[in-house]
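Visitor: One structure, pasted below without further comment.
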Amino acid sequence: MKFWNLIKPRPGNLRLWQLAVLVLVFGLWHVLTKPGLIPPFVFENERQAAFFFGEPLVIFGRVGDWFFSNADIYQHLWVTLVETVLAFGIGTALGLVFGLWLALSPMAAAILDPYIKAANSMPRVILAPIFAVWFGLGIASKVALGVTLVFFIVFFNVYQGVKEVSPVVLANARMLGASPRQLLRHVYLPSATSWVFSSLHTSVGLAFVGAVVGEYLGSSRGVGYLILQAEGAFDINTVMAGILVLTAFALALDAAVGRIEQRLMKWQPKSGETEKL
Amino acid sequence: MSAPALSLSGVSCTFVDRHDAAQRYTAVRDVTLTVGAGEFVSVVGPTGCGKSTLLNVAAGLLEPSSGTVEVFGAPLSGINARAGYMFQAESLMPWRTALANVMAGLEFRGVPDARERAMEWLKRVGLGAFGERYPHQLSGGMRKRTSLAQTLALDPDIILMDEPFSALDIQTRQLMENEVLALWAGDGDKRRAAPSLSPTPSGGASEASGGRQGRKAVLFITHDLDEAIAMSDRVVVLSAGPASRPIGEFKVDLERPRDVAEVRATPRFVELHQAIWGVLRDEVLKGYQQQLAA
């Protein structure tokens, strides 16, 4: 009882508990797949579990090789990162420009409305092979796929952001003498940016998806390519290692976005903030 | 005599439903209203009587269906560049700090020492220490003061105020009312000291009102009769909507400078209040009945 009180979950040892869950998952995985550790109860022989699900220790060994002994994953990670960042940047810029344009010219928006809806509802991953034909198997085709995914998220958010500019703030800026350009720069853009940032986590994730799926469908470098290669050789351990690296990478990207968001959006009220005077 | 700061003649505003052109609503009909240079005029009326519509017309944000608006004798087209507008709702840009908000108008006009002037105004409204805060970090009263500084920093000849203090509690409200009166009354000195922002338009307020040393003309919209009498030189009563029009006009001959809390106890205030309320009461009841029926 005394011991339980010591380790009872509380805000202070939250991280430890989160770590414990991770260790538990990998421990279970290890116990269930390690050949010869426990008698097989689903598969016919003791090697099959390892064949289908991989072994955590081997997977960690592979990740270690990639990062330390062979140190050959960095070029692949770099390629995937470049693709993600380019897709994100270009997609966001295009979405911002088109969103502002259509939101500020209702006639153009009315004309293009059905086409935008159609383009958005189309399963755009299917475009990947076409992009490969157009742009080759290099970085460009992956970036193109990522851009089509990111563009619509940002576009719709900017469109919404401009539509929902407070009419009072707008009227006030006009009374203060803002020209149409200044309105765009000082009212519409900041308002739209807040919407873009609220969708940033989603759009970075989608840029990443675009990059990896593109690599997976045909490439000569990148983490998606590594996974594809391993899959071809039924090397489940390398596939799992690749997935682990991708997951960690995605988490790191998300954290980076969170940082940027915090810096740029400090004007937004946060719930529970007791700084008011 | 020179032209009044603001002159609305025969202004009507009819709104048409965007989806159904047969649905029309006339907010104000045939309103004639003048605000002399340096004069503080309040417009009172029951809720929904088109007070804000009138203000938007005076600001140039809304074009009247018929009638004309003249600003210092010149017909108004587009935004009224000589007017500052204090809105009823939150109007600060939430992505700018208090200082940057006060600076906004000066920045839009390309004034070189915008930051210094904005800081000076922020200090005048008692927020010198809060310049780096964002609107959400300020209390309601502080936000209103920031709005006031934002409007006054441009040194407009006309100030339009749309129930600016209606969201504040009664104590803060009286403080703000006194502050506004003090800033308005003391404006002459400030004006001579500070260089004018824009090339001063001809026949500006300073010449028009002689002894008043260039006070700003104020058009103040409120539903609070006490506030209206305590602050203004003249109170205009609007009839209940739709198709509101002025139905009474009262000169407020109370001594200045006034303290809005103390002036309420003077016999003349009570007299005026009774006289104006006599006109307003029927309209308030009429407006209320219409709202119930709708």
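Chain identifiers are assigned as A, B, and so on, following the order in which chains appear in the structure tokens; residues are numbered from 1 within each chain, and ligands are numbered from 1 in order of appearance.
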Based on only C-alpha atoms, which of the residues in chain B come within 8 Å of chain A? I want them as a ChimeraX atom specification.
Guide: /B:59,61,79-81,83-85,87,89-97,104-105,108-109,134-139,151,154
Visitor: With N, CA, C and O atoms retained, could you export that selection as a compact mmCIF listing (two decimals), in the first residue's frame?
Guide:
# COMPACT_ATOMS: atom_id res chain seq x y z
N ALA B 59 -20.45 58.19 -40.68
CA ALA B 59 -19.06 57.74 -40.81
C ALA B 59 -18.71 57.45 -42.26
O ALA B 59 -17.54 57.30 -42.59
N LEU B 61 -19.64 54.73 -43.70
CA LEU B 61 -19.60 53.27 -43.85
C LEU B 61 -20.85 52.77 -44.57
O LEU B 61 -20.86 51.68 -45.12
N ILE B 79 -15.52 56.99 -47.12
CA ILE B 79 -15.28 57.08 -45.68
C ILE B 79 -15.09 58.54 -45.25
O ILE B 79 -14.46 59.32 -45.95
N ASN B 80 -15.68 58.88 -44.14
CA ASN B 80 -15.53 60.22 -43.59
C ASN B 80 -14.15 60.34 -42.92
O ASN B 80 -13.95 59.92 -41.80
N ALA B 81 -13.21 60.93 -43.67
CA ALA B 81 -11.82 60.95 -43.21
C ALA B 81 -11.60 61.90 -42.03
O ALA B 81 -10.58 61.86 -41.38
N ALA B 83 -13.56 62.01 -39.45
CA ALA B 83 -14.25 61.49 -38.27
C ALA B 83 -13.50 60.30 -37.69
O ALA B 83 -12.86 59.53 -38.40
N GLY B 84 -13.56 60.18 -36.36
CA GLY B 84 -13.09 58.98 -35.69
C GLY B 84 -14.31 58.27 -35.15
O GLY B 84 -15.30 58.91 -34.78
N TYR B 85 -14.26 56.96 -35.12
CA TYR B 85 -15.46 56.19 -34.77
C TYR B 85 -15.11 55.27 -33.60
O TYR B 85 -14.18 54.49 -33.69
N PHE B 87 -16.59 52.22 -31.63
CA PHE B 87 -17.66 51.25 -31.83
C PHE B 87 -18.20 50.71 -30.51
O PHE B 87 -17.53 50.75 -29.48
N ALA B 89 -19.09 47.44 -30.17
CA ALA B 89 -18.49 46.12 -29.97
C ALA B 89 -16.97 46.24 -29.94
O ALA B 89 -16.42 47.31 -30.17
N GLU B 90 -16.32 45.13 -29.62
CA GLU B 90 -14.86 45.09 -29.61
C GLU B 90 -14.34 45.41 -31.01
O GLU B 90 -14.71 44.76 -31.98
N SER B 91 -13.49 46.41 -31.11
CA SER B 91 -13.03 46.78 -32.44
C SER B 91 -11.51 46.76 -32.55
O SER B 91 -10.96 47.06 -33.60
N LEU B 92 -10.82 46.42 -31.46
CA LEU B 92 -9.36 46.37 -31.53
C LEU B 92 -8.93 45.16 -32.34
O LEU B 92 -9.60 44.14 -32.34
N MET B 93 -7.78 45.28 -33.00
CA MET B 93 -7.27 44.14 -33.74
C MET B 93 -6.59 43.21 -32.74
O MET B 93 -5.62 43.61 -32.10
N PRO B 94 -7.12 42.00 -32.59
CA PRO B 94 -6.62 41.13 -31.52
C PRO B 94 -5.17 40.71 -31.70
O PRO B 94 -4.53 40.28 -30.75
N TRP B 95 -4.64 40.83 -32.94
CA TRP B 95 -3.26 40.41 -33.18
C TRP B 95 -2.28 41.55 -32.97
O TRP B 95 -1.10 41.38 -33.21
N ARG B 96 -2.75 42.70 -32.56
CA ARG B 96 -1.84 43.81 -32.27
C ARG B 96 -1.86 44.11 -30.78
O ARG B 96 -2.90 44.02 -30.15
N THR B 97 -0.72 44.51 -30.26
CA THR B 97 -0.67 44.92 -28.86
C THR B 97 -1.44 46.22 -28.72
O THR B 97 -1.80 46.86 -29.72
N ALA B 104 -2.11 52.08 -35.07
CA ALA B 104 -2.59 51.61 -36.38
C ALA B 104 -2.95 52.75 -37.34
O ALA B 104 -2.43 52.81 -38.45
N GLY B 105 -3.83 53.66 -36.88
CA GLY B 105 -4.28 54.73 -37.76
C GLY B 105 -3.14 55.60 -38.23
O GLY B 105 -3.06 55.98 -39.40
N PHE B 108 -1.20 53.72 -40.80
CA PHE B 108 -1.89 53.68 -42.09
C PHE B 108 -1.66 54.99 -42.85
O PHE B 108 -1.60 55.01 -44.06
N ARG B 109 -1.57 56.08 -42.11
CA ARG B 109 -1.40 57.38 -42.77
C ARG B 109 0.05 57.75 -42.97
O ARG B 109 0.37 58.84 -43.43
N TYR B 134 -1.70 42.32 -25.23
CA TYR B 134 -2.66 42.08 -26.29
C TYR B 134 -4.07 42.32 -25.75
O TYR B 134 -4.29 42.20 -24.54
N PRO B 135 -5.02 42.66 -26.63
CA PRO B 135 -6.37 42.98 -26.16
C PRO B 135 -6.94 41.94 -25.20
O PRO B 135 -7.59 42.30 -24.21
N HIS B 136 -6.68 40.65 -25.46
CA HIS B 136 -7.28 39.65 -24.58
C HIS B 136 -6.68 39.65 -23.19
O HIS B 136 -7.21 39.05 -22.28
N GLN B 137 -5.55 40.35 -23.05
CA GLN B 137 -4.92 40.42 -21.73
C GLN B 137 -5.36 41.67 -20.96
O GLN B 137 -4.89 41.93 -19.87
N LEU B 138 -6.25 42.46 -21.59
CA LEU B 138 -6.73 43.68 -20.94
C LEU B 138 -8.17 43.48 -20.48
O LEU B 138 -8.90 42.68 -21.05
N SER B 139 -8.56 44.24 -19.47
CA SER B 139 -9.96 44.17 -19.03
C SER B 139 -10.83 44.97 -20.00
O SER B 139 -10.32 45.72 -20.83
N THR B 151 -8.79 56.14 -31.41
CA THR B 151 -9.60 57.09 -32.16
C THR B 151 -9.03 58.50 -32.05
O THR B 151 -8.90 59.21 -33.05
N LEU B 154 -5.66 60.05 -33.90
CA LEU B 154 -5.69 60.58 -35.26
C LEU B 154 -6.15 62.04 -35.29
O LEU B 154 -6.20 62.64 -36.35
Visitor: Which polymer residues have any atom within 9 Å of an atom of B:Arg124, counting only C-alpha atoms, with same-chain residues fewer than 5 positions away left out, as a list in words?
Guide: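 Contacts, in chain order: Met119, Ala149 and Leu183 of chain B.
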Visitor: For A:Tyr188, find every residue with an atom within 8 Å (counting only C-alpha atoms), except residues of its own chain fewer than 5 positions away, and show them as a list in words.
Guide: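 Once the adjacent positions are removed, what remains is Leu100, Gly161, Val162, Val165 and Leu183 of chain A.
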Visitor: Work out how far atom CA of A:Leu96 is from atom CA of B:Leu99, in Å to one decimal.
Guide: 27.9 Å
Visitor: Residues within 9 Å of A:Leu137, please, as a list in words. Count only C-alpha atoms; anything in the same chain fewer than 2 positions from it doesn't count.
Guide: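 Here the answer would be Phe131, Ala132, Val133, Phe135, Ile139, Ala140, Ser141, Lys142, Gly214, Glu215, Gly218, Ser219 and Ser220 of chain A.
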Visitor: If you measure from atom CA of B:Leu54 to atom CA of B:Val235, what distance in Å do you get, rounded to one decimal?
Guide: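 Rounded to one decimal, the two atoms are 14.8 Å apart.
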Visitor: Using only C-alpha atoms, which protein or nucleic acid residues come within 8 Å of stretch 219-224 of chain B? Drop anything in the same chain fewer than 3 positions from it, and give the result as a VMD selection string.
Guide: chain B and resid 35 40 to 47 51 to 52 55 158 to 163 227 to 228
Visitor: Residues as selected, N, CA, C and O atoms, written as a CSV table (one decimal), in the first residue's frame, can you do that?
Guide:
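The result, stored in part31.csv:
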chain,number,residue,atom,x,y,z
B,35,VAL,N,-24.6,68.7,-36.3
B,35,VAL,CA,-23.7,68.8,-35.2
B,35,VAL,C,-22.8,69.9,-35.5
B,35,VAL,O,-22.0,69.9,-36.5
B,40,PHE,N,-21.2,68.9,-28.6
B,40,PHE,CA,-21.4,67.5,-28.1
B,40,PHE,C,-22.9,67.2,-28.2
B,40,PHE,O,-23.7,67.7,-27.4
B,41,VAL,N,-23.3,66.4,-29.2
B,41,VAL,CA,-24.7,66.0,-29.4
B,41,VAL,C,-24.9,64.6,-29.1
B,41,VAL,O,-24.2,63.7,-29.6
B,42,SER,N,-25.9,64.3,-28.3
B,42,SER,CA,-26.3,62.9,-28.0
B,42,SER,C,-27.6,62.6,-28.7
B,42,SER,O,-28.5,63.4,-28.8
B,43,VAL,N,-27.7,61.3,-29.2
B,43,VAL,CA,-28.9,60.9,-29.8
B,43,VAL,C,-29.4,59.7,-28.9
B,43,VAL,O,-28.7,58.8,-28.7
B,44,VAL,N,-30.6,59.9,-28.4
B,44,VAL,CA,-31.2,58.8,-27.6
B,44,VAL,C,-32.5,58.3,-28.3
B,44,VAL,O,-33.1,59.0,-29.1
B,45,GLY,N,-32.8,57.0,-28.0
B,45,GLY,CA,-34.0,56.5,-28.6
B,45,GLY,C,-34.1,55.1,-28.1
B,45,GLY,O,-33.2,54.5,-27.5
B,46,PRO,N,-35.3,54.5,-28.3
B,46,PRO,CA,-35.5,53.1,-27.8
B,46,PRO,C,-34.6,52.1,-28.6
B,46,PRO,O,-34.2,52.5,-29.7
B,47,THR,N,-34.5,50.9,-28.1
B,47,THR,CA,-33.6,50.0,-28.8
B,47,THR,C,-34.2,49.7,-30.2
B,47,THR,O,-35.4,49.8,-30.4
B,51,LYS,N,-30.3,54.0,-34.4
B,51,LYS,CA,-29.3,55.0,-34.0
B,51,LYS,C,-28.0,54.7,-34.6
B,51,LYS,O,-27.3,55.5,-35.2
B,52,SER,N,-27.6,53.4,-34.6
B,52,SER,CA,-26.3,53.0,-35.2
B,52,SER,C,-26.3,53.2,-36.7
B,52,SER,O,-25.3,53.6,-37.2
B,55,LEU,N,-25.3,56.7,-37.4
B,55,LEU,CA,-23.8,56.9,-37.1
B,55,LEU,C,-23.0,56.3,-38.3
B,55,LEU,O,-22.0,56.9,-38.7
B,158,ILE,N,-14.2,65.2,-35.9
B,158,ILE,CA,-15.5,64.7,-35.4
B,158,ILE,C,-15.3,63.4,-34.8
B,158,ILE,O,-14.6,62.6,-35.3
B,159,ILE,N,-16.0,63.2,-33.6
B,159,ILE,CA,-15.9,61.8,-33.0
B,159,ILE,C,-17.3,61.3,-33.0
B,159,ILE,O,-18.3,61.9,-32.6
B,160,LEU,N,-17.4,60.0,-33.6
B,160,LEU,CA,-18.7,59.3,-33.6
B,160,LEU,C,-18.6,58.2,-32.5
B,160,LEU,O,-17.7,57.5,-32.5
B,161,MET,N,-19.5,58.2,-31.6
B,161,MET,CA,-19.5,57.2,-30.5
B,161,MET,C,-20.8,56.4,-30.5
B,161,MET,O,-21.9,57.0,-30.3
B,162,ASP,N,-20.7,55.1,-30.6
B,162,ASP,CA,-21.9,54.2,-30.6
B,162,ASP,C,-21.9,53.5,-29.3
B,162,ASP,O,-21.3,52.4,-29.2
B,163,GLU,N,-22.7,54.0,-28.4
B,163,GLU,CA,-22.8,53.3,-27.1
B,163,GLU,C,-21.5,52.8,-26.6
B,163,GLU,O,-21.4,51.6,-26.3
B,227,GLU,N,-26.8,59.3,-19.2
B,227,GLU,CA,-25.5,59.5,-19.8
B,227,GLU,C,-25.6,60.7,-20.8
B,227,GLU,O,-24.7,61.5,-20.9
B,228,ALA,N,-26.7,60.6,-21.6
B,228,ALA,CA,-26.8,61.6,-22.7
B,228,ALA,C,-26.9,63.0,-22.1
B,228,ALA,O,-26.1,63.9,-22.5
Visitor: For B:Glu107, which residue among B:Gln150, B:Thr26, B:Gln291, B:Thr34 is the nearest when counting only C-alpha atoms?
Guide: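 Checking each candidate against B:Glu107, we get B:Gln150 as the closest.
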Visitor: Between atom CA of B:Leu254 and atom CA of B:Ser7, measure the distance and give it in Å to one decimal.
Guide: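 Going from atom CA of B:Leu254 over to atom CA of B:Ser7, I get 24.4 Å.
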Visitor: May I have the residues within 7 Å of stretch 241-247 of chain B as a ChimeraX atom specification, using only C-alpha atoms and disregarding those fewer than 3 positions away in the same chain?
Guide: /B:26-31,48-50,236-238,287
Visitor: Given the selection you just returned, output its residues as a file containing C-alpha atoms, formatted as a compact mmCIF listing (two decimals), in the first residue's frame.
Guide:
# COMPACT_ATOMS: atom_id res chain seq x y z
CA THR B 26 -36.73 51.28 -43.36
CA ALA B 27 -34.51 51.97 -40.39
CA VAL B 28 -34.57 55.75 -40.47
CA ARG B 29 -36.71 58.09 -42.55
CA ASP B 30 -36.13 61.70 -43.41
CA VAL B 31 -33.68 62.49 -40.65
CA GLY B 48 -33.66 49.15 -32.50
CA CYS B 49 -34.57 52.65 -33.61
CA GLY B 50 -31.73 52.99 -36.10
CA VAL B 236 -31.91 64.55 -29.80
CA VAL B 237 -34.70 62.02 -29.25
CA LEU B 238 -35.45 59.51 -31.98
CA GLY B 287 -40.75 50.05 -29.40
Visitor: Fewer than 3 positions away in the same chain doesn't count, so skip those; otherwise give me all residues within 9 Å of B:Leu6, counting only C-alpha atoms, as a list of chain:residue names.
Guide: B:Ala3, B:Leu33, B:Thr34, B:Val35, B:Gly36, B:Ala37, B:Ala58, B:Val69, B:Glu70, B:Val71, B:Phe72, B:Gly73, B:Ile158, B:Ala217, B:Leu219
Visitor: Selection from above, N, CA, C and O atoms, as a CSV table (one decimal), in the first residue's frame, can you write it?
Guide:
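Below is the file again11.csv, written as the result:
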chain,number,residue,atom,x,y,z
B,3,ALA,N,-19.9,76.4,-41.8
B,3,ALA,CA,-20.7,75.2,-41.9
B,3,ALA,C,-20.5,74.3,-40.7
B,3,ALA,O,-19.5,74.3,-40.1
B,33,LEU,N,-30.3,66.3,-39.2
B,33,LEU,CA,-29.5,66.4,-37.9
B,33,LEU,C,-28.2,67.1,-38.2
B,33,LEU,O,-27.5,66.9,-39.1
B,34,THR,N,-28.0,68.1,-37.3
B,34,THR,CA,-26.7,68.8,-37.5
B,34,THR,C,-25.9,68.8,-36.2
B,34,THR,O,-26.5,68.8,-35.1
B,35,VAL,N,-24.6,68.7,-36.3
B,35,VAL,CA,-23.7,68.8,-35.2
B,35,VAL,C,-22.8,69.9,-35.5
B,35,VAL,O,-22.0,69.9,-36.5
B,36,GLY,N,-22.8,71.0,-34.7
B,36,GLY,CA,-21.9,72.1,-34.9
B,36,GLY,C,-20.5,71.8,-34.6
B,36,GLY,O,-20.3,70.8,-33.9
B,37,ALA,N,-19.6,72.5,-35.1
B,37,ALA,CA,-18.2,72.3,-34.7
B,37,ALA,C,-18.0,72.5,-33.2
B,37,ALA,O,-18.5,73.4,-32.7
B,58,ALA,N,-23.1,58.7,-41.0
B,58,ALA,CA,-22.2,59.9,-40.7
B,58,ALA,C,-20.8,59.5,-40.9
B,58,ALA,O,-19.9,60.3,-41.3
B,69,VAL,N,-25.3,63.9,-46.9
B,69,VAL,CA,-24.5,64.1,-45.7
B,69,VAL,C,-23.4,65.1,-46.1
B,69,VAL,O,-22.7,65.0,-47.1
B,70,GLU,N,-23.3,66.1,-45.2
B,70,GLU,CA,-22.2,67.1,-45.5
B,70,GLU,C,-21.3,67.2,-44.3
B,70,GLU,O,-21.7,67.2,-43.1
B,71,VAL,N,-20.0,67.2,-44.6
B,71,VAL,CA,-19.0,67.3,-43.5
B,71,VAL,C,-18.3,68.7,-43.7
B,71,VAL,O,-17.6,68.9,-44.7
B,72,PHE,N,-18.4,69.5,-42.7
B,72,PHE,CA,-17.9,70.9,-42.8
B,72,PHE,C,-18.2,71.5,-44.2
B,72,PHE,O,-17.4,72.1,-44.9
B,73,GLY,N,-19.4,71.3,-44.6
B,73,GLY,CA,-19.9,72.0,-45.8
B,73,GLY,C,-19.7,71.2,-47.1
B,73,GLY,O,-20.2,71.5,-48.1
B,158,ILE,N,-14.2,65.2,-35.9
B,158,ILE,CA,-15.5,64.7,-35.4
B,158,ILE,C,-15.3,63.4,-34.8
B,158,ILE,O,-14.6,62.6,-35.3
B,217,ALA,N,-16.1,68.0,-32.6
B,217,ALA,CA,-17.6,67.8,-32.6
B,217,ALA,C,-17.8,66.3,-32.2
B,217,ALA,O,-17.1,65.4,-32.7
B,219,LEU,N,-20.7,63.2,-31.9
B,219,LEU,CA,-22.1,62.6,-32.1
B,219,LEU,C,-22.1,61.4,-31.3
B,219,LEU,O,-21.4,60.4,-31.6
